[in-house]
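Undergrad: The structure file work-v6.txt (compact mmCIF, C-alpha atoms (C1' of nucleotides)) is provided below.
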# COMPACT_ATOMS: atom_id res chain seq x y z
CA MET A 1 91.84 97.05 130.43
CA SER A 2 92.60 99.17 127.49
CA ASN A 3 92.61 102.35 129.48
CA LEU A 4 95.99 103.91 129.00
CA GLU A 5 96.19 107.00 131.11
CA LEU A 6 92.87 108.31 132.26
CA PRO A 7 91.00 106.51 134.99
CA VAL A 8 87.49 106.24 133.60
CA LEU A 9 85.97 109.37 134.96
CA GLY A 10 82.34 109.52 135.79
CA GLN A 11 80.66 112.03 133.58
CA ASP A 12 78.79 113.90 136.27
CA ASP A 13 81.72 115.06 138.33
CA ALA A 14 84.12 115.41 135.46
CA ALA A 15 83.86 119.13 135.91
CA ALA A 16 84.72 118.96 139.55
CA CYS A 17 87.80 116.80 139.37
CA CYS A 18 89.94 118.46 136.71
CA SER A 19 90.94 121.93 137.64
CA PRO A 20 89.78 124.36 134.97
CA MET A 21 92.52 126.54 133.61
CA VAL A 22 90.90 129.52 135.21
CA ARG A 23 91.90 128.28 138.63
CA GLU A 24 95.60 127.58 138.24
CA PRO A 25 98.23 127.96 135.51
CA LEU A 26 98.56 125.05 133.14
CA GLY A 27 101.76 123.05 133.24
CA GLU A 28 103.90 123.00 130.15
CA GLU A 29 103.41 119.29 129.65
CA ALA A 30 99.64 119.40 130.02
CA ALA A 31 99.49 122.37 127.67
CA VAL A 32 101.23 120.42 124.91
CA ASP A 33 98.84 117.55 125.33
CA LEU A 34 95.73 119.70 125.40
CA ALA A 35 96.88 121.86 122.49
CA ARG A 36 97.09 118.71 120.40
CA MET A 37 93.44 117.98 121.10
CA PHE A 38 92.31 121.53 120.43
CA LYS A 39 94.26 121.51 117.18
CA ALA A 40 92.15 118.58 116.07
CA LEU A 41 89.09 120.76 116.68
CA SER A 42 90.52 123.75 114.85
CA ASP A 43 89.18 122.89 111.41
CA PRO A 44 85.56 123.44 110.33
CA VAL A 45 85.38 120.13 108.49
CA ARG A 46 86.61 118.22 111.52
CA LEU A 47 84.20 120.01 113.84
CA ARG A 48 81.30 119.11 111.60
CA LEU A 49 82.54 115.54 111.27
CA LEU A 50 82.71 115.18 115.02
CA SER A 51 79.25 116.60 115.44
CA LEU A 52 77.87 114.40 112.67
CA ILE A 53 79.34 111.33 114.30
CA ALA A 54 78.17 112.26 117.78
CA SER A 55 74.64 113.11 116.75
CA HIS A 56 74.25 110.12 114.45
CA GLU A 57 71.77 107.49 115.42
CA GLY A 58 73.39 104.95 117.69
CA GLY A 59 76.27 107.28 118.47
CA GLU A 60 78.35 106.02 115.57
CA ALA A 61 78.56 106.52 111.84
CA CYS A 62 80.32 104.82 108.98
CA VAL A 63 82.55 106.80 106.66
CA CYS A 64 79.98 106.38 103.93
CA ASP A 65 77.61 108.51 106.01
CA LEU A 66 80.21 111.22 106.40
CA THR A 67 81.44 111.96 102.90
CA GLY A 68 78.13 113.17 101.49
CA PRO A 69 77.62 116.41 103.44
CA PHE A 70 81.00 117.87 102.45
CA ASP A 71 82.46 119.51 99.39
CA VAL A 72 85.87 117.96 99.88
CA SER A 73 87.11 114.72 98.42
CA GLN A 74 86.84 111.39 100.16
CA PRO A 75 90.59 111.07 100.85
CA THR A 76 90.41 114.43 102.58
CA ILE A 77 87.62 113.19 104.82
CA SER A 78 89.69 110.14 105.58
CA HIS A 79 92.61 112.39 106.50
CA HIS A 80 90.47 114.45 108.87
CA LEU A 81 89.09 111.33 110.53
CA LYS A 82 92.65 110.16 111.09
CA VAL A 83 93.50 113.45 112.78
CA LEU A 84 90.50 113.13 115.08
CA ARG A 85 91.42 109.54 115.88
CA GLU A 86 95.06 110.33 116.62
CA ALA A 87 93.98 113.14 118.91
CA GLY A 88 92.02 110.62 120.93
CA LEU A 89 88.66 112.23 120.21
CA VAL A 90 87.08 109.36 118.30
CA GLY A 91 87.43 105.61 118.06
CA SER A 92 87.00 103.51 114.94
CA GLU A 93 86.52 99.93 113.91
CA ARG A 94 86.07 98.06 110.66
CA ARG A 95 82.97 95.87 110.51
CA GLY A 96 82.78 94.00 107.26
CA THR A 97 82.71 96.36 104.33
CA TRP A 98 82.39 99.57 106.32
CA VAL A 99 84.46 101.44 108.89
CA TYR A 100 82.60 102.97 111.81
CA TYR A 101 83.56 105.96 113.94
CA TRP A 102 82.28 107.04 117.35
CA VAL A 103 83.08 109.87 119.74
CA LEU A 104 85.04 109.25 122.95
CA PRO A 105 83.05 111.28 125.48
CA ALA A 106 85.75 111.35 128.15
CA ALA A 107 88.00 113.33 125.84
CA LEU A 108 85.32 115.92 125.09
CA ALA A 109 84.46 116.12 128.78
CA ARG A 110 88.06 116.80 129.65
CA LEU A 111 88.24 119.75 127.28
CA SER A 112 84.83 121.00 128.31
CA SER A 113 85.65 121.08 131.99
CA LEU A 114 88.96 122.74 131.31
CA LEU A 115 87.20 125.68 129.73
CA GLU A 116 84.61 126.15 132.43
CA ALA A 117 84.80 129.61 133.86
CA PRO A 118 83.69 130.72 137.30
CA ALA A 119 80.36 132.49 137.17
CA GLY A 120 81.47 135.69 138.77
CA ALA A 121 84.39 136.60 136.53
CA ARG A 122 84.38 139.87 134.68
CA MET B 1 59.31 115.14 135.13
CA SER B 2 59.92 117.17 132.10
CA ASN B 3 62.41 114.88 130.52
CA LEU B 4 62.69 116.09 126.97
CA GLU B 5 64.21 113.44 124.79
CA LEU B 6 67.24 111.85 126.32
CA PRO B 7 66.51 109.46 129.16
CA VAL B 8 69.84 109.90 130.87
CA LEU B 9 70.36 113.62 130.96
CA GLY B 10 72.85 114.09 133.74
CA GLN B 11 73.38 117.82 134.11
CA ASP B 12 70.16 119.69 133.96
CA ASP B 13 70.86 123.33 133.24
CA ALA B 14 74.24 123.75 131.64
CA ALA B 15 73.69 121.04 129.09
CA ALA B 16 70.18 122.08 128.31
CA CYS B 17 70.70 125.68 127.33
CA CYS B 18 73.28 125.68 124.54
CA SER B 19 72.96 122.87 122.11
CA PRO B 20 76.10 120.76 122.40
CA MET B 21 77.39 119.35 119.17
CA VAL B 22 76.48 115.93 120.38
CA ARG B 23 72.81 116.65 119.95
CA GLU B 24 72.62 117.99 116.41
CA PRO B 25 75.00 118.47 113.49
CA LEU B 26 76.86 121.74 113.41
CA GLY B 27 76.03 124.15 110.61
CA GLU B 28 78.77 125.03 108.18
CA GLU B 29 78.79 128.66 109.23
CA ALA B 30 78.94 127.96 112.95
CA ALA B 31 81.69 125.44 112.35
CA VAL B 32 83.89 128.04 110.68
CA ASP B 33 83.36 130.43 113.55
CA LEU B 34 84.03 127.85 116.25
CA ALA B 35 87.04 126.42 114.45
CA ARG B 36 88.60 129.87 114.53
CA MET B 37 88.29 129.94 118.31
CA PHE B 38 89.62 126.41 118.76
CA LYS B 39 92.54 127.27 116.51
CA ALA B 40 93.47 129.99 118.95
CA LEU B 41 93.60 127.31 121.65
CA SER B 42 95.64 124.91 119.55
CA ASP B 43 99.06 126.12 120.65
CA PRO B 44 100.69 125.23 123.98
CA VAL B 45 102.03 128.73 124.52
CA ARG B 46 98.61 130.27 123.96
CA LEU B 47 96.92 127.78 126.25
CA ARG B 48 99.37 128.59 129.01
CA LEU B 49 99.01 132.30 128.36
CA LEU B 50 95.25 132.05 128.65
CA SER B 51 95.49 130.07 131.84
CA LEU B 52 98.08 132.46 133.30
CA ILE B 53 95.83 135.42 132.57
CA ALA B 54 92.70 133.74 133.89
CA SER B 55 94.30 132.53 137.09
CA HIS B 56 96.15 135.76 137.76
CA GLU B 57 95.11 137.79 140.76
CA GLY B 58 92.31 140.17 139.85
CA GLY B 59 91.53 138.21 136.69
CA GLU B 60 93.92 140.22 134.59
CA ALA B 61 97.63 140.37 133.90
CA CYS B 62 99.96 142.78 132.19
CA VAL B 63 102.26 141.57 129.45
CA CYS B 64 105.20 142.04 131.75
CA ASP B 65 103.79 139.21 133.89
CA LEU B 66 103.48 136.97 130.87
CA THR B 67 106.84 137.03 129.15
CA GLY B 68 108.84 135.60 132.02
CA PRO B 69 107.47 132.02 132.19
CA PHE B 70 108.21 131.26 128.53
CA ASP B 71 111.24 130.40 126.49
CA VAL B 72 110.08 132.31 123.46
CA SER B 73 110.87 135.91 122.60
CA GLN B 74 108.79 138.91 123.55
CA PRO B 75 107.53 139.56 120.00
CA THR B 76 106.32 135.98 119.90
CA ILE B 77 104.33 136.44 123.10
CA SER B 78 102.88 139.60 121.65
CA HIS B 79 101.88 137.69 118.54
CA HIS B 80 100.14 134.97 120.54
CA LEU B 81 98.26 137.54 122.59
CA LYS B 82 97.07 139.11 119.37
CA VAL B 83 95.79 135.75 118.15
CA LEU B 84 93.87 135.24 121.41
CA ARG B 85 92.44 138.73 121.19
CA GLU B 86 91.36 138.40 117.56
CA ALA B 87 89.68 135.10 118.38
CA GLY B 88 87.56 136.93 120.95
CA LEU B 89 88.95 134.98 123.88
CA VAL B 90 90.61 137.85 125.73
CA GLY B 91 90.27 141.60 125.98
CA SER B 92 93.06 144.10 126.47
CA GLU B 93 93.62 147.69 127.45
CA ARG B 94 96.58 150.00 127.89
CA ARG B 95 96.83 151.62 131.28
CA GLY B 96 99.78 153.94 131.54
CA THR B 97 102.97 152.13 130.79
CA TRP B 98 101.54 148.64 130.78
CA VAL B 99 99.02 146.70 128.70
CA TYR B 100 96.61 144.45 130.57
CA TYR B 101 94.84 141.34 129.30
CA TRP B 102 91.82 139.53 130.72
CA VAL B 103 89.79 136.50 129.70
CA LEU B 104 86.31 136.89 128.21
CA PRO B 105 84.39 134.18 130.11
CA ALA B 106 81.44 134.07 127.73
CA ALA B 107 83.69 132.86 124.93
CA LEU B 108 85.14 130.06 127.06
CA ALA B 109 81.67 129.13 128.27
CA ARG B 110 80.43 128.85 124.69
CA LEU B 111 83.17 126.40 123.79
CA SER B 112 82.80 124.51 127.03
CA SER B 113 79.08 123.93 126.62
CA LEU B 114 79.56 122.92 123.01
CA LEU B 115 81.79 120.05 124.10
CA GLU B 116 79.56 118.76 126.84
CA ALA B 117 78.70 115.14 126.19
CA PRO B 118 75.64 113.26 127.35
CA ALA B 119 76.34 111.01 130.29
CA GLY B 120 75.14 107.79 128.74
CA ALA B 121 77.21 107.72 125.58
CA ARG B 122 79.65 104.94 124.98
C1' DT C 1 89.74 83.92 90.73
C1' DC C 2 88.53 88.39 89.10
C1' DC C 3 85.82 92.45 89.50
C1' DT C 4 83.35 96.11 92.38
C1' DT C 5 82.84 99.02 96.13
C1' DG C 6 84.56 101.29 100.48
C1' DA C 7 88.40 103.27 102.72
C1' DT C 8 93.27 104.45 103.52
C1' DT C 9 97.84 105.83 101.98
C1' DC C 10 101.05 108.34 98.91
C1' DG C 11 103.23 112.31 96.64
C1' DA C 12 102.77 116.87 95.41
C1' DC C 13 101.59 121.67 95.91
C1' DA C 14 99.74 126.03 97.70
C1' DG C 15 98.67 128.43 101.73
C1' DT C 16 99.31 129.20 106.69
C1' DT C 17 101.83 129.51 111.09
C1' DA C 18 105.46 129.96 114.81
C1' DT C 19 109.44 132.00 115.48
C1' DC C 20 113.20 135.28 115.35
C1' DG C 21 115.88 139.89 115.22
C1' DA C 22 115.30 144.52 113.97
C1' DT C 23 112.56 148.38 114.15
C1' DA C 24 108.76 151.38 115.47
C1' DT C 25 105.42 153.38 118.79
C1' DG C 26 103.66 155.21 123.06
C1' DG C 27 103.94 156.85 127.53
C1' DA C 28 106.58 158.33 131.76
C1' DT C 29 110.32 160.78 133.60
C1' DG C 30 114.38 163.46 134.05
C1' DC D 1 113.26 167.77 124.56
C1' DA D 2 115.99 163.46 125.22
C1' DT D 3 115.77 159.10 127.05
C1' DC D 4 114.25 154.88 128.86
C1' DC D 5 111.10 151.14 129.27
C1' DA D 6 107.14 148.26 127.77
C1' DT D 7 104.65 146.52 123.68
C1' DA D 8 103.63 146.12 119.08
C1' DT D 9 104.70 145.66 114.20
C1' DC D 10 107.63 144.26 110.25
C1' DG D 11 110.09 141.12 107.17
C1' DA D 12 112.10 136.77 106.66
C1' DT D 13 112.30 131.83 107.08
C1' DA D 14 111.53 127.04 108.22
C1' DA D 15 107.97 123.93 109.40
C1' DC D 16 103.33 122.44 109.16
C1' DT D 17 98.52 121.78 107.10
C1' DG D 18 94.59 121.08 103.89
C1' DT D 19 93.65 119.55 99.64
C1' DC D 20 93.76 116.86 95.45
C1' DG D 21 94.32 112.79 92.13
C1' DA D 22 96.50 108.40 91.76
C1' DA D 23 97.61 104.23 93.72
C1' DT D 24 96.79 100.72 97.20
C1' DC D 25 94.47 97.73 100.39
C1' DA D 26 90.36 95.03 102.26
C1' DA D 27 86.16 92.58 101.91
C1' DG D 28 82.30 90.58 99.30
C1' DG D 29 80.05 88.67 95.51
C1' DA D 30 79.91 87.10 90.28
Have the structure of the file written as structure tokens, please.
TA:
Amino acid sequence: MSNLELPVLGQDDAAACCSPMVREPLGEEAAVDLARMFKALSDPVRLRLLSLIASHEGGEACVCDLTGPFDVSQPTISHHLKVLREAGLVGSERRGTWVYYWVLPAALARLSSLLEAPAGAR
Amino acid sequence: MSNLELPVLGQDDAAACCSPMVREPLGEEAAVDLARMFKALSDPVRLRLLSLIASHEGGEACVCDLTGPFDVSQPTISHHLKVLREAGLVGSERRGTWVYYWVLPAALARLSSLLEAPAGAR
DNA sequence: TCCTTGATTCGACAGTTATCGATATGGATG
DNA sequence: CATCCATATCGATAACTGTCGAATCAAGGA
């Protein structure tokens, strides 16, 4: 229902469906879209946030769980979470007092399969 | 029947070897290192360059093959190639008049496996 | 209703980045 | 050696990014 563009892809053959960039040149349009996602991953704080969220019990974490491990201020964490959300890498929802974040696996899978290299390459 | 911890581990070998960020929180040091590589991928021109190089016949391409498809100037292409090289994603070598670039598959594979998500996640 | 706590937004500032034209370098070739 | 071609480097500039403290919003509880 709420799936905008990507047809829910099964995780197991995600690698098979989406041509890795090693096989054929990336289109200009796709490159812009993918670059936006990689840019969200291009900051150490955001990478650690994503990994904290993903590895948290239940697959989700509230912001209160995420501010502790970092040396940066809470508004900065909030900013980074917004970047991750706008890149389509995480989802979020307010439940009562707290706001929870979770990873969107299809997005990670898309990037992962894109980077897969053929075994034989130099 | 050597299921380790996760009941629904889809891919057996690729996912098992290199701890994806989904399994455990990323260390601060590793995050800095990985963020540097993702930053190199966070520009549309660089993504297309990488994909052009990787998909080029023989697995390598000279700069002269790479300036044509873009609207940006030659110094700009040279700059982007330098960024990719310093991130450890490509190698390069001068052979006679031309300079050749090729992708370093181990670097791509490292990023790819990092982003692999478990099949069951929401 | 008023306070407290959790989270986002705002405004500002310093540092970084993408891009260009001009210039330099390095090798082949006449 | 002089010249041409392919790349790289330099210096400048406009745009973007990460960070902070202050202010704001949202939900509960006295």
Undergrad: Between A:Pro44, A:Gly58, A:Pro75, A:Pro25, which has the minimum distance to DG21 in chain D (counting only C-alpha atoms (C1' of nucleotides))?
TA: A:Pro75
Undergrad: Excluding Val63 in chain B and its own-chain neighbours fewer than 6 positions away, which residues fall within 8 Å of it when counting only C-alpha atoms (C1' of nucleotides)? Please give them as JSON, numbers by chain.
TA: {"B": [98, 99, 100, 101], "D": [7]}
Undergrad: Show me, as JSON lines, the residues of chain A having an atom within 7 Å of chain D, each with the closest atom pair and its distance in Å, using all atoms listed in the file.
TA:
{"residue": "A:Thr76", "atom": "CA", "partner": "D:DT19", "partner_atom": "C1'", "distance": 6.7}
{"residue": "A:Gly96", "atom": "CA", "partner": "D:DA27", "partner_atom": "C1'", "distance": 6.5}
{"residue": "A:Thr97", "atom": "CA", "partner": "D:DA27", "partner_atom": "C1'", "distance": 5.7}
Undergrad: Near chain C, which residues of chain B fall within 12 Å when you count all atoms listed in the file, and what do they look like as a JSON list (two decimals) with C-alpha atoms, keeping the file's coordinate frame?
TA:
[["chain", "number", "residue", "atom", "x", "y", "z"],
["B", 39, "LYS", "CA", 92.54, 127.27, 116.51],
["B", 40, "ALA", "CA", 93.47, 129.99, 118.95],
["B", 42, "SER", "CA", 95.64, 124.91, 119.55],
["B", 43, "ASP", "CA", 99.06, 126.12, 120.65],
["B", 44, "PRO", "CA", 100.69, 125.23, 123.98],
["B", 45, "VAL", "CA", 102.03, 128.73, 124.52],
["B", 46, "ARG", "CA", 98.61, 130.27, 123.96],
["B", 71, "ASP", "CA", 111.24, 130.40, 126.49],
["B", 72, "VAL", "CA", 110.08, 132.31, 123.46],
["B", 73, "SER", "CA", 110.87, 135.91, 122.60],
["B", 74, "GLN", "CA", 108.79, 138.91, 123.55],
["B", 75, "PRO", "CA", 107.53, 139.56, 120.00],
["B", 76, "THR", "CA", 106.32, 135.98, 119.90],
["B", 77, "ILE", "CA", 104.33, 136.44, 123.10],
["B", 78, "SER", "CA", 102.88, 139.60, 121.65],
["B", 79, "HIS", "CA", 101.88, 137.69, 118.54],
["B", 80, "HIS", "CA", 100.14, 134.97, 120.54],
["B", 83, "VAL", "CA", 95.79, 135.75, 118.15],
["B", 94, "ARG", "CA", 96.58, 150.00, 127.89],
["B", 95, "ARG", "CA", 96.83, 151.62, 131.28],
["B", 96, "GLY", "CA", 99.78, 153.94, 131.54],
["B", 97, "THR", "CA", 102.97, 152.13, 130.79],
["B", 98, "TRP", "CA", 101.54, 148.64, 130.78],
["B", 99, "VAL", "CA", 99.02, 146.70, 128.70]]
Undergrad: Rounded to one decimal, what separation in Å do you get between CA of Pro105 in chain B and CA of Ala87 in chain B?
TA: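 One can read the CA of Pro105 in chain B to CA of Ala87 in chain B distance as 12.9 Å.
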Undergrad: Would you kindly report the residues of chain B within 6 Å of chain A, using only C-alpha atoms, as number ranges by chain?
TA: B: 21-26, 31-32, 35, 38-39, 42-44, 48, 51-52, 54-55, 105, 108-109, 112, 115-117, 119
